[in-house]
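S.K.: Okay, so here is coords-v6.txt, and as you'll see once you scroll down, it has compact mmCIF, C-alpha atoms.
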# COMPACT_ATOMS: atom_id res chain seq x y z
CA MET Q 1059 -14.02 -5.62 7.41
CA THR Q 1060 -16.25 -7.21 4.84
CA GLU Q 1061 -16.69 -5.35 1.59
CA ILE Q 1062 -20.33 -4.59 0.95
CA SER Q 1063 -20.15 -2.10 -1.87
CA THR Q 1064 -22.59 -2.75 -4.70
CA ASN Q 1065 -21.67 0.25 -6.78
CA ASN Q 1066 -21.17 -1.79 -9.92
CA PHE Q 1067 -24.31 -3.83 -9.80
CA ASN Q 1068 -26.14 -1.94 -12.49
CA THR Q 1069 -23.35 -2.01 -14.97
CA VAL Q 1070 -22.81 -4.84 -17.36
CA LYS Q 1071 -19.36 -6.29 -17.61
CA GLN Q 1072 -18.64 -6.96 -21.26
CA ASP Q 1073 -16.54 -9.97 -22.06
CA GLU Q 1074 -13.19 -8.83 -23.37
CA ASN Q 1075 -13.22 -11.71 -25.78
CA PRO Q 1076 -16.74 -13.05 -26.05
CA SER Q 1077 -15.74 -15.92 -28.29
CA LYS Q 1078 -13.41 -17.42 -25.71
CA ASP Q 1079 -14.47 -20.64 -24.03
CA VAL Q 1080 -16.96 -21.29 -26.76
CA ASP Q 1081 -16.85 -24.88 -27.87
CA PHE Q 1082 -18.54 -25.65 -31.10
CA PRO Q 1083 -19.99 -29.10 -31.40
CA GLU Q 1084 -19.06 -31.03 -34.48
CA ASP Q 1085 -22.70 -31.08 -35.45
CA LEU Q 1086 -22.62 -27.38 -36.24
CA ASP Q 1087 -21.25 -26.94 -39.72
CA ASP Q 1088 -18.74 -24.26 -40.67
CA SER Q 1089 -21.28 -21.70 -41.76
CA GLU Q 1090 -23.33 -22.20 -38.59
CA GLN Q 1091 -20.22 -21.77 -36.46
CA ARG Q 1092 -19.24 -18.63 -38.36
CA PHE Q 1093 -22.71 -17.20 -37.91
CA TYR Q 1094 -22.72 -18.00 -34.19
CA LYS Q 1095 -19.35 -16.31 -33.77
CA SER Q 1096 -20.62 -13.31 -35.69
CA ILE Q 1097 -23.57 -12.76 -33.34
CA LEU Q 1098 -21.66 -13.40 -30.09
CA PRO Q 1099 -20.84 -9.71 -29.54
CA LYS Q 1100 -24.50 -8.83 -30.15
CA LEU Q 1101 -25.65 -11.49 -27.72
CA THR Q 1102 -23.25 -10.05 -25.18
CA LEU Q 1103 -24.65 -6.60 -25.84
CA LEU Q 1104 -28.07 -7.94 -24.89
CA GLN Q 1105 -26.87 -8.56 -21.34
CA LEU Q 1106 -28.89 -6.83 -18.67
CA ALA Q 1107 -28.30 -6.36 -14.98
CA PRO Q 1108 -30.75 -6.76 -12.10
CA LYS Q 1109 -31.65 -3.74 -10.02
CA GLU Q 1110 -29.25 -2.87 -7.25
CA GLU Q 1111 -32.03 -3.17 -4.67
CA THR Q 1112 -32.58 -6.81 -5.69
CA VAL Q 1113 -28.92 -7.60 -5.11
CA VAL Q 1114 -28.93 -5.75 -1.80
CA ARG Q 1115 -31.93 -7.83 -0.68
CA ILE Q 1116 -30.06 -11.04 -1.54
CA ILE Q 1117 -27.00 -9.95 0.42
CA HIS Q 1118 -29.19 -8.90 3.32
CA TYR Q 1119 -30.85 -12.32 3.29
CA SER Q 1120 -27.45 -13.99 3.39
CA ARG Q 1121 -26.21 -11.88 6.30
CA ASN Q 1122 -29.30 -12.69 8.31
CA TYR Q 1123 -29.32 -16.36 7.42
CA LYS Q 1124 -29.87 -18.48 10.53
CA MET I 1180 -10.91 -6.53 -1.10
CA GLU I 1181 -9.88 -7.45 -4.66
CA PHE I 1182 -11.10 -10.79 -6.00
CA ARG I 1183 -10.33 -10.51 -9.70
CA GLU I 1184 -7.86 -13.40 -9.59
CA THR I 1185 -9.87 -15.50 -7.16
CA SER I 1186 -11.54 -18.61 -8.59
CA ASP I 1187 -15.21 -19.37 -8.10
CA GLN I 1188 -14.34 -22.31 -5.88
CA GLU I 1189 -12.17 -20.14 -3.67
CA LEU I 1190 -14.97 -17.57 -3.40
CA ILE I 1191 -17.41 -20.31 -2.42
CA HIS I 1192 -15.02 -21.52 0.28
CA LEU I 1193 -14.59 -17.96 1.53
CA TYR I 1194 -18.34 -17.55 1.72
CA ILE I 1195 -18.96 -20.87 3.44
CA SER I 1196 -16.30 -20.00 5.98
CA GLY I 1197 -18.17 -16.80 6.85
CA ASN I 1198 -16.80 -14.16 4.51
CA GLU I 1199 -19.83 -12.53 2.88
CA ALA I 1200 -17.60 -10.83 0.33
CA GLY I 1201 -17.26 -14.20 -1.40
CA LEU I 1202 -20.95 -14.18 -2.26
CA THR I 1203 -20.91 -10.51 -3.22
CA GLU I 1204 -18.17 -11.20 -5.76
CA LEU I 1205 -19.93 -14.28 -7.16
CA ILE I 1206 -23.09 -12.22 -7.68
CA ARG I 1207 -21.12 -9.38 -9.26
CA ARG I 1208 -19.40 -11.85 -11.57
CA TYR I 1209 -22.50 -13.62 -12.87
CA GLN I 1210 -25.50 -11.38 -12.23
CA SER I 1211 -25.76 -10.22 -15.84
CA LYS I 1212 -25.68 -13.67 -17.39
CA ILE I 1213 -28.16 -15.11 -14.93
CA TYR I 1214 -30.49 -12.14 -15.00
CA THR I 1215 -30.42 -11.92 -18.80
CA SER I 1216 -31.14 -15.63 -19.23
CA ILE I 1217 -34.17 -15.26 -16.93
CA TYR I 1218 -35.38 -12.03 -18.54
CA LEU I 1219 -35.17 -13.34 -22.11
CA LEU I 1220 -37.31 -16.32 -21.12
CA VAL I 1221 -39.99 -14.55 -19.08
CA LYS I 1222 -39.92 -11.19 -20.91
CA ASP I 1223 -41.06 -9.38 -17.80
CA GLU I 1224 -38.72 -7.21 -15.78
CA TYR I 1225 -40.53 -7.50 -12.45
CA LEU I 1226 -40.85 -11.27 -12.72
CA ALA I 1227 -37.21 -11.60 -13.78
CA GLU I 1228 -36.09 -9.65 -10.69
CA ASN I 1229 -38.15 -11.98 -8.46
CA ILE I 1230 -36.83 -15.15 -10.06
CA PHE I 1231 -33.27 -13.80 -9.92
CA GLN I 1232 -33.70 -13.15 -6.20
CA ASP I 1233 -35.22 -16.59 -5.58
CA THR I 1234 -32.37 -18.19 -7.53
CA PHE I 1235 -29.72 -16.71 -5.26
CA ILE I 1236 -31.74 -17.46 -2.14
CA LYS I 1237 -31.62 -21.10 -3.20
CA VAL I 1238 -27.89 -20.74 -3.83
CA ILE I 1239 -27.40 -19.28 -0.34
CA ASN I 1240 -29.51 -21.96 1.32
CA THR I 1241 -27.58 -24.71 -0.44
CA LEU I 1242 -24.15 -23.25 0.30
CA LYS I 1243 -24.95 -22.46 3.93
CA ALA I 1244 -26.34 -25.96 4.42
CA GLY I 1245 -23.09 -27.42 3.08
CA LYS I 1246 -24.92 -29.20 0.25
CA TYR I 1247 -23.07 -27.70 -2.72
CA ASN I 1248 -21.57 -30.30 -5.02
CA GLU I 1249 -18.09 -29.11 -5.85
CA GLU I 1250 -17.80 -31.29 -8.92
CA GLY I 1251 -19.72 -28.83 -11.07
CA LYS I 1252 -18.93 -25.30 -12.14
CA PHE I 1253 -20.70 -22.48 -10.32
CA LEU I 1254 -22.34 -20.66 -13.25
CA PRO I 1255 -23.98 -23.73 -14.86
CA TRP I 1256 -25.24 -24.74 -11.42
CA VAL I 1257 -26.86 -21.35 -10.82
CA ALA I 1258 -28.19 -21.25 -14.40
CA ARG I 1259 -29.83 -24.61 -13.82
CA ILE I 1260 -31.51 -23.35 -10.62
CA ALA I 1261 -32.73 -20.24 -12.47
CA HIS I 1262 -34.07 -22.29 -15.36
CA ASN I 1263 -35.92 -24.64 -13.00
CA LEU I 1264 -37.53 -21.65 -11.28
CA VAL I 1265 -38.63 -20.26 -14.65
CA ILE I 1266 -40.18 -23.63 -15.53
CA ASP I 1267 -41.87 -23.76 -12.10
CA HIS I 1268 -43.34 -20.34 -12.79
CA PHE I 1269 -44.77 -21.36 -16.17
CA ARG I 1270 -46.15 -24.56 -14.69
CA ARG I 1271 -47.93 -22.56 -12.03
CA GLU I 1272 -49.27 -20.24 -14.69
CA LYS I 1273 -50.09 -23.26 -16.88
CA ARG I 1274 -48.81 -21.61 -19.98
CA THR I 1275 -45.84 -21.65 -22.28
CA PRO I 1276 -43.25 -18.87 -22.20
CA LEU I 1277 -45.04 -16.30 -24.32
CA VAL I 1278 -45.91 -13.83 -21.58
CA SER I 1279 -46.54 -10.12 -21.40
CA ASN I 1280 -44.21 -7.74 -23.10
CA GLY I 1281 -41.54 -5.82 -21.28
CA GLU I 1282 -41.02 -3.52 -24.21
CA ASP I 1283 -41.04 -0.43 -22.03
CA PHE I 1284 -37.76 -1.54 -20.49
CA ASP I 1285 -34.80 0.11 -22.12
CA ILE I 1286 -31.39 -1.49 -21.68
CA PHE I 1287 -29.79 1.86 -22.43
CA ASP I 1288 -31.22 3.28 -19.24
CA VAL I 1289 -29.03 0.77 -17.46
CA LEU I 1290 -25.92 0.46 -19.57
CA GLY I 1291 -24.87 4.08 -19.55
CA HIS I 1292 -22.91 4.63 -22.76
CA TYR I 1293 -22.43 8.24 -21.88
CA ASP I 1294 -19.61 9.03 -24.29
CA GLU I 1295 -21.33 7.74 -27.39
CA SER I 1296 -22.30 9.97 -30.24
CA THR I 1297 -25.97 10.15 -31.13
CA GLU I 1298 -25.33 8.09 -34.26
CA ASP I 1299 -23.40 5.40 -32.36
CA ARG I 1300 -26.13 5.25 -29.78
CA MET I 1301 -28.81 4.86 -32.45
CA ILE I 1302 -26.90 2.06 -34.13
CA ARG I 1303 -26.36 0.30 -30.82
CA GLU I 1304 -29.99 0.67 -29.85
CA GLN I 1305 -31.14 -0.61 -33.23
CA THR I 1306 -28.83 -3.63 -33.02
CA TYR I 1307 -30.10 -4.43 -29.56
CA THR I 1308 -33.76 -3.99 -30.49
CA ASP I 1309 -33.45 -6.04 -33.66
CA LEU I 1310 -31.69 -9.01 -32.12
CA LYS I 1311 -33.93 -9.03 -29.06
CA LYS I 1312 -37.01 -9.07 -31.29
CA LEU I 1313 -35.61 -11.85 -33.46
CA ILE I 1314 -34.71 -13.98 -30.43
CA HIS I 1315 -38.23 -13.54 -29.09
CA LEU I 1316 -39.59 -14.74 -32.43
CA LEU I 1317 -37.80 -18.09 -32.08
CA PRO I 1318 -39.85 -21.08 -30.92
CA SER I 1319 -39.50 -21.32 -27.14
CA GLU I 1320 -37.45 -24.54 -27.13
CA GLN I 1321 -34.92 -23.05 -29.58
CA LYS I 1322 -34.71 -19.79 -27.66
CA GLU I 1323 -34.20 -21.75 -24.45
CA VAL I 1324 -31.19 -23.68 -25.80
CA LEU I 1325 -29.57 -20.56 -27.24
CA ILE I 1326 -29.97 -18.68 -23.95
CA MET I 1327 -28.77 -21.53 -21.75
CA ARG I 1328 -25.77 -22.14 -24.00
CA HIS I 1329 -24.71 -18.53 -24.28
CA TYR I 1330 -25.63 -16.95 -20.95
CA GLY I 1331 -25.72 -20.00 -18.71
CA ASP I 1332 -22.47 -21.45 -20.05
CA LEU I 1333 -24.14 -24.84 -20.08
CA SER I 1334 -22.88 -27.72 -22.17
CA PHE I 1335 -25.28 -29.43 -24.54
CA LYS I 1336 -25.22 -32.43 -22.22
CA GLN I 1337 -26.33 -30.21 -19.31
CA ILE I 1338 -28.99 -28.54 -21.47
CA ALA I 1339 -30.24 -31.96 -22.54
CA ASP I 1340 -30.49 -33.07 -18.89
CA ILE I 1341 -32.33 -29.94 -17.80
CA THR I 1342 -34.81 -29.96 -20.66
CA ASP I 1343 -35.21 -33.72 -20.55
CA VAL I 1344 -34.27 -34.37 -24.16
CA SER I 1345 -31.39 -36.18 -25.86
CA ILE I 1346 -28.12 -34.37 -26.60
CA ASN I 1347 -28.91 -34.66 -30.31
CA THR I 1348 -32.23 -32.92 -29.78
CA ALA I 1349 -30.56 -30.11 -27.81
CA LEU I 1350 -27.97 -29.75 -30.57
CA GLY I 1351 -30.67 -29.82 -33.21
CA ARG I 1352 -32.56 -27.04 -31.46
CA MET I 1353 -29.41 -24.94 -31.36
CA ARG I 1354 -28.92 -25.47 -35.09
CA TYR I 1355 -32.51 -24.53 -35.82
CA ALA I 1356 -32.18 -21.45 -33.60
CA LEU I 1357 -29.05 -20.28 -35.42
CA ASN I 1358 -30.47 -21.03 -38.86
CA ASN I 1359 -33.74 -19.29 -38.06
CA LEU I 1360 -31.93 -16.24 -36.69
CA ARG I 1361 -29.72 -16.10 -39.76
CA ARG I 1362 -32.71 -16.41 -42.07
CA MET I 1363 -34.63 -13.68 -40.26
CA MET I 1364 -31.61 -11.39 -40.29
CA LEU I 1365 -31.10 -11.95 -44.02
CA SER I 1366 -34.73 -11.29 -44.86
CA LYS I 1367 -34.67 -8.15 -42.73
CA GLU I 1368 -31.62 -6.91 -44.62
CA LEU I 1369 -33.32 -7.66 -47.92
CA LEU I 1370 -36.41 -5.75 -46.83
CA LEU I 1371 -34.28 -2.75 -45.91
CA LYS I 1372 -32.49 -2.84 -49.28
CA ASN I 1373 -35.73 -3.02 -51.30
Spell out the structure here as structure tokens.
M.R.:
Amino acid sequence: MTEISTNNFNTVKQDENPSKDVDFPEDLDDSEQRFYKSILPKLTLLQLAPKEETVVRIIHYSRNYK
Amino acid sequence: MEFRETSDQELIHLYISGNEAGLTELIRRYQSKIYTSIYLLVKDEYLAENIFQDTFIKVINTLKAGKYNEEGKFLPWVARIAHNLVIDHFRREKRTPLVSNGEDFDIFDVLGHYDESTEDRMIREQTYTDLKKLIHLLPSEQKEVLIMRHYGDLSFKQIADITDVSINTALGRMRYALNNLRRMMLSKELLLKN
């Protein structure tokens, strides 16, 4: 049976290590890179989630796709 | 069904082969990044919900039609669709992304940090409010690069393609965005100290 639960849709999954996968171009100097790294957790904190009903509508659209 | 170890490509294949749970997991995995990148650009909760929905309807249509290009990563592809829809919206409105305020929306109604002390909650709220305000103060092209880079996981080459500028210009905008944010944060700290 297909899982349809959307219980977690209004929670925001925080990156365990928000600085992972971040490549810093050479054009950013050391102090810019340090600053960017320093605000990464705050940028992650800014993450929002759409309403559950929006996600449910998307899934409903997919299931009824002809 | 547990998909924590399943790659995006595997989830896409599951979905294309008829397993709706593949799409559900892809949405669960990336909904915050995509929604946030839309919301920070349009600054309107209702509009962001609509664009988020339209983004995934395009994703579904493309996947179901067998037109998905497997060479790219899933998140940057979706982020690109979302960004194009935001641009389409502003073109229709014939205005730049300055828009109405969504200040009545409180992230802490959604996040649910139930175990926090009052002090922790106040600090967290202040941090969120401050950074959000500072990001909104950035010129739109700088804000756009910062958001696409951080939430959309787009490379500077991809950002340059989407915004129709050179890679150096995209990089330059990122530098300006970071330097402006740093300057604003420093001046805010100085104001608080004085």
S.K.: Using all atoms listed in the file, pick whichever of I:Met1364, I:Leu1350, I:Leu1242, I:Ile1341 has the shortest atom-to-atom distance to Leu1086 of chain Q.
M.R.: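 Among I:Met1364, I:Leu1350, I:Leu1242, I:Ile1341, it is I:Leu1350 that comes nearest to Leu1086 of chain Q.
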S.K.: Pick the closest to Arg1352 of chain I from I:Val1257, I:Ile1230, I:Ile1338, I:Val1324: which is it, counting all atoms listed in the file?
M.R.: I:Val1324
S.K.: Taking into account all atoms listed in the file, which residue in the set I:Ile1346, I:Leu1310, I:Leu1205, I:Leu1325 is nearest to Val1113 of chain Q?
M.R.: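 Among the listed residues, the smallest separation from Val1113 of chain Q belongs to I:Leu1205.
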S.K.: Residues of chain I near chain Q: apply a cut-off of 9 Å, count only C-alpha atoms, and supply the list as a ChimeraX atom specification.
M.R.: /I:1180,1198-1200,1202-1203,1206-1208,1210-1216,1218,1224,1227-1229,1231-1233,1235-1236,1239-1240,1243,1286,1289-1291,1303,1306-1308,1310-1311,1329-1330,1332,1334-1335,1347,1350-1351,1353-1354,1357-1358,1361
S.K.: Can I get the selection written as a compact mmCIF listing (two decimals), in the frame of the given file, with C-alpha atoms?
M.R.:
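Heads up, here's the output in part00.txt:
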# COMPACT_ATOMS: atom_id res chain seq x y z
CA MET I 1180 -10.91 -6.53 -1.10
CA ASN I 1198 -16.80 -14.16 4.51
CA GLU I 1199 -19.83 -12.53 2.88
CA ALA I 1200 -17.60 -10.83 0.33
CA LEU I 1202 -20.95 -14.18 -2.26
CA THR I 1203 -20.91 -10.51 -3.22
CA ILE I 1206 -23.09 -12.22 -7.68
CA ARG I 1207 -21.12 -9.38 -9.26
CA ARG I 1208 -19.40 -11.85 -11.57
CA GLN I 1210 -25.50 -11.38 -12.23
CA SER I 1211 -25.76 -10.22 -15.84
CA LYS I 1212 -25.68 -13.67 -17.39
CA ILE I 1213 -28.16 -15.11 -14.93
CA TYR I 1214 -30.49 -12.14 -15.00
CA THR I 1215 -30.42 -11.92 -18.80
CA SER I 1216 -31.14 -15.63 -19.23
CA TYR I 1218 -35.38 -12.03 -18.54
CA GLU I 1224 -38.72 -7.21 -15.78
CA ALA I 1227 -37.21 -11.60 -13.78
CA GLU I 1228 -36.09 -9.65 -10.69
CA ASN I 1229 -38.15 -11.98 -8.46
CA PHE I 1231 -33.27 -13.80 -9.92
CA GLN I 1232 -33.70 -13.15 -6.20
CA ASP I 1233 -35.22 -16.59 -5.58
CA PHE I 1235 -29.72 -16.71 -5.26
CA ILE I 1236 -31.74 -17.46 -2.14
CA ILE I 1239 -27.40 -19.28 -0.34
CA ASN I 1240 -29.51 -21.96 1.32
CA LYS I 1243 -24.95 -22.46 3.93
CA ILE I 1286 -31.39 -1.49 -21.68
CA VAL I 1289 -29.03 0.77 -17.46
CA LEU I 1290 -25.92 0.46 -19.57
CA GLY I 1291 -24.87 4.08 -19.55
CA ARG I 1303 -26.36 0.30 -30.82
CA THR I 1306 -28.83 -3.63 -33.02
CA TYR I 1307 -30.10 -4.43 -29.56
CA THR I 1308 -33.76 -3.99 -30.49
CA LEU I 1310 -31.69 -9.01 -32.12
CA LYS I 1311 -33.93 -9.03 -29.06
CA HIS I 1329 -24.71 -18.53 -24.28
CA TYR I 1330 -25.63 -16.95 -20.95
CA ASP I 1332 -22.47 -21.45 -20.05
CA SER I 1334 -22.88 -27.72 -22.17
CA PHE I 1335 -25.28 -29.43 -24.54
CA ASN I 1347 -28.91 -34.66 -30.31
CA LEU I 1350 -27.97 -29.75 -30.57
CA GLY I 1351 -30.67 -29.82 -33.21
CA MET I 1353 -29.41 -24.94 -31.36
CA ARG I 1354 -28.92 -25.47 -35.09
CA LEU I 1357 -29.05 -20.28 -35.42
CA ASN I 1358 -30.47 -21.03 -38.86
CA ARG I 1361 -29.72 -16.10 -39.76
S.K.: From the options I:Glu1320, I:Ala1356, I:Ser1186, I:Val1238, which residue's atoms come nearest to Ala1339 of chain I, counting only C-alpha atoms?
M.R.: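 For Ala1339 of chain I, the nearest of the candidates is I:Glu1320.
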S.K.: Tell me, in Å to one decimal, how far atom CA of Tyr1225 of chain I is from atom CA of Phe1269 of chain I.
M.R.: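 Computing the Euclidean distance for atom CA of Tyr1225 of chain I and atom CA of Phe1269 of chain I yields 15.0 Å.
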S.K.: Using Å and a single decimal, report how far atom CA of Gln1337 of chain I sits from atom CA of Gln1188 of chain I.
M.R.: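 Answer for the atom CA of Gln1188 of chain I to atom CA of Gln1337 of chain I separation: 19.7 Å.
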S.K.: Excluding Lys1322 of chain I and any residue of its chain fewer than 5 positions from it, enumerate the residues within 9 Å of it, using all atoms listed in the file, and give them as an MDAnalysis selection string.
M.R.: chainID I and resid 1219:1220 1314:1317 1327 1352:1353 1356
S.K.: Between atom CA of Arg1328 of chain I and atom CA of Trp1256 of chain I, what is the distance, to one decimal in Å?
M.R.: 12.9 Å
S.K.: I need the residue nearest Thr1348 of chain I from this list: I:Met1363, I:Glu1189, I:Lys1336, I:Gly1201. Use only C-alpha atoms for the distance.
M.R.: I:Lys1336
S.K.: Go through I:Asn1359, I:Thr1185, I:Asn1263, I:Lys1237 and flag the residue nearest Asp1343 of chain I, using all atoms listed in the file for the distances.
M.R.: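 Among the listed residues, the smallest separation from Asp1343 of chain I belongs to I:Asn1263.
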